[in-house]
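Below: final33.pdb (PDB, C-alpha atoms and all ligand atoms)
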```
ATOM      1  CA  MET A   1     -24.995   1.127  -4.191
ATOM      2  CA  LEU A   2     -22.147   0.100  -1.888
ATOM      3  CA  THR A   3     -21.936  -3.487  -0.633
ATOM      4  CA  PRO A   4     -21.945  -4.151   3.154
ATOM      5  CA  GLU A   5     -18.226  -4.911   2.928
ATOM      6  CA  GLN A   6     -17.529  -1.580   1.211
ATOM      7  CA  ASN A   7     -19.475   0.280   3.889
ATOM      8  CA  ILE A   8     -17.646  -1.545   6.692
ATOM      9  CA  ALA A   9     -14.262  -0.966   5.023
ATOM     10  CA  GLU A  10     -14.922   2.791   5.043
ATOM     11  CA  GLU A  11     -16.295   2.789   8.607
ATOM     12  CA  ALA A  12     -13.329   0.750   9.837
ATOM     13  CA  ALA A  13     -10.797   3.000   8.103
ATOM     14  CA  ARG A  14     -12.494   6.060   9.566
ATOM     15  CA  ALA A  15     -12.323   4.553  13.068
ATOM     16  CA  GLY A  16      -8.651   3.635  12.701
ATOM     17  CA  GLY A  17      -7.898   7.016  11.174
ATOM     18  CA  ALA A  18      -9.438   8.851  14.119
ATOM     19  CA  VAL A  19      -7.082   7.016  16.488
ATOM     20  CA  ALA A  20      -4.056   7.640  14.280
ATOM     21  CA  ALA A  21      -4.882  11.341  13.865
ATOM     22  CA  ARG A  22      -5.298  11.799  17.640
ATOM     23  CA  TYR A  23      -1.906  10.275  18.364
ATOM     24  CA  PHE A  24      -0.337  12.187  15.464
ATOM     25  CA  ARG A  25      -1.505  15.483  16.944
ATOM     26  CA  GLU A  26      -0.790  14.567  20.609
ATOM     27  CA  GLY A  27       2.503  12.794  19.939
ATOM     28  CA  VAL A  28       3.320   9.184  20.836
ATOM     29  CA  ALA A  29       6.369   7.221  21.974
ATOM     30  CA  MET A  30       7.712   5.028  19.199
ATOM     31  CA  ARG A  31       9.300   1.631  19.741
ATOM     32  CA  THR A  32      11.484  -0.345  17.352
ATOM     33  CA  LYS A  33      10.252  -3.816  16.322
ATOM     34  CA  ASP A  34      13.546  -4.457  14.553
ATOM     35  CA  ILE A  35      16.039  -2.452  12.461
ATOM     36  CA  ALA A  36      14.312   0.844  11.616
ATOM     37  CA  ASN A  37      10.881  -0.848  11.849
ATOM     38  CA  LEU A  38       8.926   1.430  14.159
ATOM     39  CA  VAL A  39       5.689   0.782  16.073
ATOM     40  CA  SER A  40       3.667   2.611  18.705
ATOM     41  CA  ASP A  41       0.551   2.369  20.842
ATOM     42  CA  ALA A  42      -1.141   4.263  18.011
ATOM     43  CA  ASP A  43      -0.624   1.361  15.586
ATOM     44  CA  VAL A  44      -1.987  -1.207  18.042
ATOM     45  CA  GLU A  45      -4.949   0.910  19.214
ATOM     46  CA  ALA A  46      -5.848   1.886  15.631
ATOM     47  CA  GLU A  47      -5.796  -1.754  14.538
ATOM     48  CA  HIS A  48      -8.058  -2.729  17.431
ATOM     49  CA  ALA A  49     -10.472   0.061  16.434
ATOM     50  CA  ILE A  50     -10.526  -1.242  12.861
ATOM     51  CA  ALA A  51     -11.071  -4.831  14.001
ATOM     52  CA  ALA A  52     -13.897  -3.811  16.345
ATOM     53  CA  VAL A  53     -15.832  -2.262  13.449
ATOM     54  CA  ILE A  54     -15.297  -5.329  11.259
ATOM     55  CA  ARG A  55     -16.205  -7.811  14.026
ATOM     56  CA  LYS A  56     -19.419  -5.929  14.876
ATOM     57  CA  THR A  57     -20.844  -6.860  11.455
ATOM     58  CA  PHE A  58     -18.693  -9.840  10.405
ATOM     59  CA  PRO A  59     -17.753 -11.679  13.631
ATOM     60  CA  SER A  60     -16.656 -14.822  11.809
ATOM     61  CA  HIS A  61     -14.404 -13.149   9.269
ATOM     62  CA  ALA A  62     -10.601 -13.499   9.542
ATOM     63  CA  ILE A  63      -8.485 -10.385  10.071
ATOM     64  CA  LEU A  64      -4.802 -10.123   9.103
ATOM     65  CA  GLY A  65      -3.154  -6.997  10.487
ATOM     66  CA  GLU A  66       0.374  -5.658  10.807
ATOM     67  CA  GLU A  67       0.283  -5.377  14.595
ATOM     68  CA  ALA A  68      -2.196  -7.620  16.392
ATOM     69  CA  HIS A  69      -4.155  -9.937  14.134
ATOM     70  CA  GLU A  70      -2.843 -13.070  12.441
ATOM     71  CA  GLY A  71      -5.787 -14.072  10.287
ATOM     72  CA  ASP A  72      -5.502 -17.124   8.046
ATOM     73  CA  THR A  73      -4.853 -15.885   4.479
ATOM     74  CA  THR A  74      -6.687 -18.989   3.164
ATOM     75  CA  ALA A  75      -9.907 -18.006   4.942
ATOM     76  CA  GLU A  76     -12.956 -17.537   2.693
ATOM     77  CA  HIS A  77     -13.613 -14.100   4.184
ATOM     78  CA  LEU A  78     -10.450 -12.187   4.981
ATOM     79  CA  TRP A  79      -9.811  -8.581   5.968
ATOM     80  CA  ILE A  80      -6.250  -7.293   5.553
ATOM     81  CA  VAL A  81      -5.489  -4.112   7.460
ATOM     82  CA  ASP A  82      -2.565  -1.773   8.033
ATOM     83  CA  PRO A  83      -3.534   0.637  10.790
ATOM     84  CA  ILE A  84      -0.750   3.092  10.012
ATOM     85  CA  ASP A  85       1.034   2.498   6.724
ATOM     86  CA  GLY A  86       3.979   4.874   6.603
ATOM     87  CA  THR A  87       4.935   4.491  10.242
ATOM     88  CA  THR A  88       8.246   6.281   9.838
ATOM     89  CA  ASN A  89       6.485   9.306   8.326
ATOM     90  CA  PHE A  90       3.990   9.182  11.203
ATOM     91  CA  ALA A  91       6.793   9.001  13.783
ATOM     92  CA  HIS A  92       8.521  12.033  12.292
ATOM     93  CA  GLN A  93       5.381  14.164  12.065
ATOM     94  CA  ILE A  94       5.226  13.867   8.275
ATOM     95  CA  PRO A  95       1.497  13.918   7.390
ATOM     96  CA  HIS A  96       1.880  11.335   4.620
ATOM     97  CA  PHE A  97       0.568   8.044   6.009
ATOM     98  CA  ALA A  98      -2.628   6.040   5.580
ATOM     99  CA  VAL A  99      -5.017   3.537   7.073
ATOM    100  CA  SER A 100      -5.407   0.658   4.619
ATOM    101  CA  VAL A 101      -8.357  -1.742   4.824
ATOM    102  CA  ALA A 102      -9.114  -4.447   2.249
ATOM    103  CA  TYR A 103     -11.652  -7.252   2.026
ATOM    104  CA  TYR A 104     -10.783 -10.475   0.161
ATOM    105  CA  HIS A 105     -13.072 -13.373  -0.736
ATOM    106  CA  HIS A 106     -11.403 -16.717  -1.477
ATOM    107  CA  GLY A 107      -8.103 -14.847  -1.831
ATOM    108  CA  VAL A 108      -9.419 -12.316  -4.381
ATOM    109  CA  ALA A 109      -9.584  -8.604  -3.554
ATOM    110  CA  GLN A 110     -13.196  -7.373  -3.500
ATOM    111  CA  CYS A 111     -12.912  -3.863  -2.093
ATOM    112  CA  GLY A 112     -10.488  -1.617  -0.298
ATOM    113  CA  VAL A 113      -9.949   1.863   1.078
ATOM    114  CA  ILE A 114      -6.788   3.855   1.713
ATOM    115  CA  TYR A 115      -7.405   6.856   3.940
ATOM    116  CA  ASN A 116      -5.059   9.668   4.954
ATOM    117  CA  PRO A 117      -6.747  10.984   8.123
ATOM    118  CA  ILE A 118      -4.634  14.130   8.306
ATOM    119  CA  ARG A 119      -5.464  15.274   4.772
ATOM    120  CA  GLU A 120      -8.965  13.700   4.990
ATOM    121  CA  GLU A 121      -8.162  12.031   1.665
ATOM    122  CA  TRP A 122      -9.944   8.882   0.518
ATOM    123  CA  HIS A 123      -8.939   6.338  -2.102
ATOM    124  CA  SER A 124     -11.369   3.489  -2.694
ATOM    125  CA  ALA A 125     -11.815   0.626  -5.140
ATOM    126  CA  ALA A 126     -14.212  -2.263  -5.635
ATOM    127  CA  LYS A 127     -13.809  -5.202  -7.996
ATOM    128  CA  GLY A 128     -15.363  -4.360 -11.355
ATOM    129  CA  GLN A 129     -16.544  -0.935 -10.171
ATOM    130  CA  GLY A 130     -13.444   1.231 -10.658
ATOM    131  CA  ALA A 131     -11.100   3.293  -8.494
ATOM    132  CA  PHE A 132     -12.129   6.535  -6.823
ATOM    133  CA  HIS A 133     -10.280   9.467  -5.250
ATOM    134  CA  ASP A 134     -12.491  11.503  -2.928
ATOM    135  CA  GLY A 135     -15.462  10.141  -4.855
ATOM    136  CA  ARG A 136     -14.106  10.950  -8.341
ATOM    137  CA  LYS A 137     -13.366   8.038 -10.711
ATOM    138  CA  VAL A 138      -9.697   7.923 -11.688
ATOM    139  CA  GLN A 139      -7.435   6.067 -14.083
ATOM    140  CA  VAL A 140      -3.751   5.416 -14.730
ATOM    141  CA  ASP A 141      -1.777   7.640 -17.123
ATOM    142  CA  ASP A 142      -1.142   6.804 -20.790
ATOM    143  CA  ALA A 143       2.668   6.856 -20.841
ATOM    144  CA  THR A 144       4.225   4.236 -23.096
ATOM    145  CA  ARG A 145       7.906   4.990 -22.418
ATOM    146  CA  LEU A 146       9.925   5.241 -19.217
ATOM    147  CA  ASP A 147      11.266   8.658 -20.277
ATOM    148  CA  GLN A 148       7.692   9.986 -19.993
ATOM    149  CA  SER A 149       7.249   8.956 -16.356
ATOM    150  CA  VAL A 150       7.956   9.507 -12.696
ATOM    151  CA  VAL A 151       8.634   6.225 -10.835
ATOM    152  CA  GLY A 152       7.867   5.565  -7.166
ATOM    153  CA  VAL A 153      10.071   3.313  -5.046
ATOM    154  CA  GLY A 154      10.196   1.904  -1.528
ATOM    155  CA  PHE A 155      12.976   0.516   0.633
ATOM    156  CA  TYR A 156      12.462  -2.447   2.959
ATOM    157  CA  TYR A 157      14.013  -2.109   6.422
ATOM    158  CA  ASP A 158      17.094  -4.077   5.336
ATOM    159  CA  ARG A 159      20.221  -1.938   5.096
ATOM    160  CA  ASP A 160      22.257  -4.501   3.187
ATOM    161  CA  ALA A 161      21.783  -6.475  -0.054
ATOM    162  CA  MET A 162      18.145  -5.470  -0.607
ATOM    163  CA  MET A 163      18.903  -1.787  -0.105
ATOM    164  CA  GLN A 164      21.841  -2.057  -2.510
ATOM    165  CA  ALA A 165      19.705  -3.853  -5.116
ATOM    166  CA  THR A 166      17.099  -1.095  -4.884
ATOM    167  CA  LEU A 167      19.728   1.624  -5.291
ATOM    168  CA  GLU A 168      21.147  -0.135  -8.353
ATOM    169  CA  ALA A 169      17.681  -0.431  -9.891
ATOM    170  CA  ILE A 170      17.169   3.304  -9.309
ATOM    171  CA  GLY A 171      20.441   4.037 -11.138
ATOM    172  CA  ASP A 172      19.374   1.838 -14.060
ATOM    173  CA  LEU A 173      16.048   3.682 -14.283
ATOM    174  CA  LYS A 174      17.687   7.103 -14.147
ATOM    175  CA  ARG A 175      19.901   6.051 -17.037
ATOM    176  CA  ARG A 176      16.703   5.409 -19.006
ATOM    177  CA  GLN A 177      15.857   9.074 -18.580
ATOM    178  CA  ILE A 178      12.809   8.692 -16.353
ATOM    179  CA  HIS A 179      11.551  12.114 -15.259
ATOM    180  CA  GLY A 180      12.324  11.289 -11.617
ATOM    181  CA  ILE A 181      12.286   8.886  -8.691
ATOM    182  CA  ARG A 182       9.999   9.507  -5.719
ATOM    183  CA  ARG A 183      10.299   7.752  -2.316
ATOM    184  CA  PHE A 184       7.348   9.006  -0.260
ATOM    185  CA  GLY A 185       7.496   6.242   2.399
ATOM    186  CA  THR A 186       3.940   4.864   2.305
ATOM    187  CA  ALA A 187       3.384   1.907  -0.012
ATOM    188  CA  SER A 188      -0.415   2.102  -0.063
ATOM    189  CA  LEU A 189      -0.283   5.785  -1.084
ATOM    190  CA  ASP A 190       2.472   5.042  -3.609
ATOM    191  CA  LEU A 191       0.158   2.499  -5.222
ATOM    192  CA  CYS A 192      -2.584   5.135  -5.264
ATOM    193  CA  MET A 193      -0.198   7.472  -7.092
ATOM    194  CA  VAL A 194      -0.023   4.907  -9.908
ATOM    195  CA  GLY A 195      -3.810   4.594 -10.047
ATOM    196  CA  LEU A 196      -4.173   8.377 -10.027
ATOM    197  CA  GLY A 197      -1.911   8.609 -13.091
ATOM    198  CA  ARG A 198       0.825  10.526 -11.257
ATOM    199  CA  PHE A 199       3.403   7.711 -11.136
ATOM    200  CA  GLY A 200       3.850   5.604 -14.260
ATOM    201  CA  ALA A 201       5.169   2.829 -12.021
ATOM    202  CA  TYR A 202       6.038   1.941  -8.421
ATOM    203  CA  PHE A 203       8.225  -0.931  -7.196
ATOM    204  CA  GLU A 204       9.620  -2.323  -3.973
ATOM    205  CA  PHE A 205      11.661  -5.504  -3.471
ATOM    206  CA  GLN A 206      10.029  -6.562  -0.183
ATOM    207  CA  LEU A 207       6.600  -5.585   1.066
ATOM    208  CA  SER A 208       4.028  -7.110   3.426
ATOM    209  CA  PRO A 209       0.493  -8.014   2.312
ATOM    210  CA  TRP A 210      -1.095  -5.366   4.552
ATOM    211  CA  ASP A 211       0.935  -2.697   2.734
ATOM    212  CA  PHE A 212      -0.434  -3.631  -0.711
ATOM    213  CA  ALA A 213      -3.730  -5.477  -0.124
ATOM    214  CA  ALA A 214      -5.941  -2.460  -0.870
ATOM    215  CA  GLY A 215      -3.544  -0.493  -3.096
ATOM    216  CA  ARG A 216      -3.161  -3.302  -5.636
ATOM    217  CA  LEU A 217      -6.925  -3.289  -6.210
ATOM    218  CA  PHE A 218      -6.903   0.491  -6.592
ATOM    219  CA  VAL A 219      -4.275   0.211  -9.356
ATOM    220  CA  GLU A 220      -6.055  -2.650 -11.134
ATOM    221  CA  GLU A 221      -9.435  -0.923 -10.994
ATOM    222  CA  ALA A 222      -7.802   2.237 -12.384
ATOM    223  CA  GLY A 223      -6.670   0.207 -15.412
ATOM    224  CA  GLY A 224      -3.140  -0.636 -14.271
ATOM    225  CA  LYS A 225      -1.240  -3.875 -13.700
ATOM    226  CA  VAL A 226       0.299  -5.345 -10.535
ATOM    227  CA  THR A 227       2.707  -8.289 -10.295
ATOM    228  CA  ASP A 228       5.763  -9.152  -8.256
ATOM    229  CA  ALA A 229       9.054  -7.647  -9.441
ATOM    230  CA  LEU A 230       9.727 -10.721 -11.603
ATOM    231  CA  GLY A 231       6.416 -10.432 -13.439
ATOM    232  CA  ASN A 232       4.667 -13.263 -11.565
ATOM    233  CA  PRO A 233       1.197 -12.950 -10.006
ATOM    234  CA  LEU A 234       1.351 -11.079  -6.695
ATOM    235  CA  PRO A 235       0.925 -13.581  -3.821
ATOM    236  CA  LEU A 236      -1.071 -12.857  -0.656
ATOM    237  CA  ALA A 237       2.180 -12.948   1.309
ATOM    238  CA  ARG A 238       5.358 -10.939   1.758
ATOM    239  CA  SER A 239       6.619 -10.255  -1.756
ATOM    240  CA  SER A 240       8.323  -7.871  -4.113
ATOM    241  CA  ILE A 241       5.899  -5.708  -6.072
ATOM    242  CA  LEU A 242       5.670  -3.834  -9.366
ATOM    243  CA  ALA A 243       2.647  -1.668 -10.165
ATOM    244  CA  THR A 244       2.354   0.206 -13.471
ATOM    245  CA  ASN A 245      -0.115   1.842 -15.827
ATOM    246  CA  GLY A 246       0.077  -1.304 -17.995
ATOM    247  CA  PRO A 247       2.178  -0.215 -21.009
ATOM    248  CA  LEU A 248       5.188   0.421 -18.737
ATOM    249  CA  HIS A 249       5.089  -3.035 -17.135
ATOM    250  CA  GLU A 250       7.444  -4.789 -19.540
ATOM    251  CA  PRO A 251       9.846  -1.809 -19.796
ATOM    252  CA  MET A 252       9.993  -1.743 -15.990
ATOM    253  CA  LEU A 253      10.511  -5.515 -15.734
ATOM    254  CA  ASP A 254      13.354  -5.254 -18.265
ATOM    255  CA  VAL A 255      15.109  -2.935 -15.804
ATOM    256  CA  ILE A 256      14.270  -4.218 -12.324
ATOM    257  CA  ARG A 257      13.820  -7.989 -12.822
ATOM    258  CA  SER A 258      17.591  -8.614 -12.879
ATOM    259  CA  ARG A 259      18.114  -6.481  -9.755
ATOM    260  CA  CYS A 260      15.400  -8.153  -7.658
ATOM    261  CA  PRO A 261      16.984 -10.301  -4.931
ATOM    262  CA  GLN A 262      15.870 -13.947  -5.307
TER
HETATM  263  C1  LIG B 301       6.205   0.796   5.072
HETATM  264  C2  LIG B 301       5.801   0.939   3.628
HETATM  265  C3  LIG B 301       6.936   1.524   2.818
HETATM  266  C4  LIG B 301       8.107   0.599   2.894
HETATM  267  C5  LIG B 301       8.546   0.425   4.333
HETATM  268  C6  LIG B 301       7.402  -0.079   5.205
HETATM  269  P1  LIG B 301       4.940   0.526   7.375
HETATM  270  O1  LIG B 301       5.131   0.235   5.784
HETATM  271  O2  LIG B 301       4.659   1.758   3.544
HETATM  272  O3  LIG B 301       6.586   1.698   1.473
HETATM  273  O4  LIG B 301       9.159   1.101   2.109
HETATM  274  O5  LIG B 301       9.605  -0.488   4.383
HETATM  275  O6  LIG B 301       7.060  -1.385   4.799
HETATM  276  O7  LIG B 301       5.956  -0.327   8.069
HETATM  277  O8  LIG B 301       5.191   1.966   7.594
HETATM  278  O9  LIG B 301       3.531   0.104   7.676
END
```

Just give me the structure as structure tokens.
Ligand code: LIP
Amino acid sequence: MLTPEQNIAEEAARAGGAVAARYFREGVAMRTKDIANLVSDADVEAEHAIAAVIRKTFPSHAILGEEAHEGDTTAEHLWIVDPIDGTTNFAHQIPHFAVSVAYYHHGVAQCGVIYNPIREEWHSAAKGQGAFHDGRKVQVDDATRLDQSVVGVGFYYDRDAMMQATLEAIGDLKRRQIHGIRRFGTASLDLCMVGLGRFGAYFEFQLSPWDFAAGRLFVEEAGGKVTDALGNPLPLARSSILATNGPLHEPMLDVIRSRCPQ
């Protein structure tokens, strides 16, 4: 039996996804917020569609979104939404992006959905109830060594020290004989890849809370572990991130901790 918040999370993601899919198929002019950080009318309209669904049932709840909502992260009831995570993929007609909607209570993730509207692919998780991919319960993989795994990575918009630190961490990991590095460009879906047991780990040295708010719960409910890239608890704020299947957390920290910009 789904909770009201789980039902609204799915309805909101579906509404935002319909807007994103329409613009994806019709084309949309992209603007640049800052270096390589793209935005469009699709992002803003999709976020408004998501917020309208949430507000219809939970008018007093706070909403924190990438484009148009600056909800208080200390609010008892908080929704954290990314209307189009993977904006660069979206802008370049790459059908690998997602609508991410998460509900938090007193700062603790309760439920979340990550929806790719082009592939009609759903990832959902609820606290204590598990992680699901198109309705099927999933779990992280059982790798215990880095040389048994593929590792996902993301790059923040910075083209300077943070980019260099990420590239150096990738080199360190390759020298530990990982099976490969994958940079798919959508953090929420990268986190799902960990929960699905496809990536043994995923890291990024700077990410916004709307990118990871739902995906971190998906990983944890699939049996994985999520911290910042130094091994500290993940804050509900812009942060580095490391998500793993659990056994690979310390081996990953041994490699990336020293590369993470302070
Ligand atoms: C993106 C993330 C990606 C990260 C980018 C950006 P956006 O989110 O999904 O993993 O590397 O820097 O943060 O901006 O497309 O919503």

Box for ligand LIG 301 (chain B): with edges along x, y and z, all listed atoms inside and 3 Å added on each side, what are the centre and edge lengths in Å to one decimal, as JSON?
```
{"center_x": 6.6, "center_y": 0.3, "center_z": 4.8, "size_x": 12.1, "size_y": 9.4, "size_z": 12.6}
```

Practice prompt. Please write as a PyMOL selection string the full residue list that the PyMOL selection byres (((chain A and resi 215) around 9) and not hetatm) yields on this file.
Written response: chain A and resi 100+102+112-114+123-125+187-192+195+211-214+216-220

Report task. Write out as a list in words the residues lying within 8 Å of Gly246 of chain A, counting all atoms listed in the file and excluding same-chain residues fewer than 2 positions away. Result ->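 Contacts, with the query itself left out: Gly223, Gly224, Lys225, Thr244, Leu248 and His249 of chain A.
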
- Do you know which residues the PyMOL selection byres (((not hetatm)) within 6 of (chain B and resi 301)) returns on this file, as a list in words?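 With the PyMOL selection byres (((not hetatm)) within 6 of (chain B and resi 301)) on this model, the match is Ile84, Asp85, Gly86, Thr87, Thr88, Gly154, Phe155, Tyr156, Tyr157, Gly185, Thr186, Ala187, Leu207 and Asp211 of chain A.
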
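Note that atom CA of Ile63 of chain A and atom CA of Cys111 of chain A are 14.5 Å apart.
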
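Taking atom CA of Ile241 of chain A and atom CA of Ala229 of chain A as endpoints, the distance between them is 5.0 Å.
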
What separates atom CA of His106 of chain A and atom CA of Glu76 of chain A is a distance of 4.5 Å

Requested in this report: Evaluate the PyMOL selection byres (((chain A and resi 182) around 6) and not hetatm) on the structure here and hand back the selected residues as a PyMOL selection string.
Outcome: chain A and resi 152+181+183

Just checking: using only C-alpha atoms, which residue out of A:Val81, A:Ala131, A:Met163, A:Met252 ends up closest to Ala49 of chain A?
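Under the stated criterion, the closest residue is A:Val81.
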
Residue with the minimum atom-to-atom distance to Val53 of chain A, picked from A:Ile80, A:Ala18, A:Ala29, A:Ala13 with only C-alpha atoms counted, is A:Ala13

(request) Measuring atom to atom with all atoms listed in the file, identify which of A:Gly71, A:Pro59, A:Pro83, A:Gly130 is nearest to Ser40 of chain A. (result)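 Of A:Gly71, A:Pro59, A:Pro83, A:Gly130, the one nearest Ser40 of chain A is A:Pro83, counting all atoms listed in the file.
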
Using only C-alpha atoms, the residue out of A:Leu64, A:Met162, A:Leu167, A:Met193 with shortest distance to Ala237 of chain A is A:Leu64

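Nearest to Gly171 of chain A of all the residues A:His69, A:Gly17, A:Arg259, A:His48 is A:Arg259, counting all atoms listed in the file.
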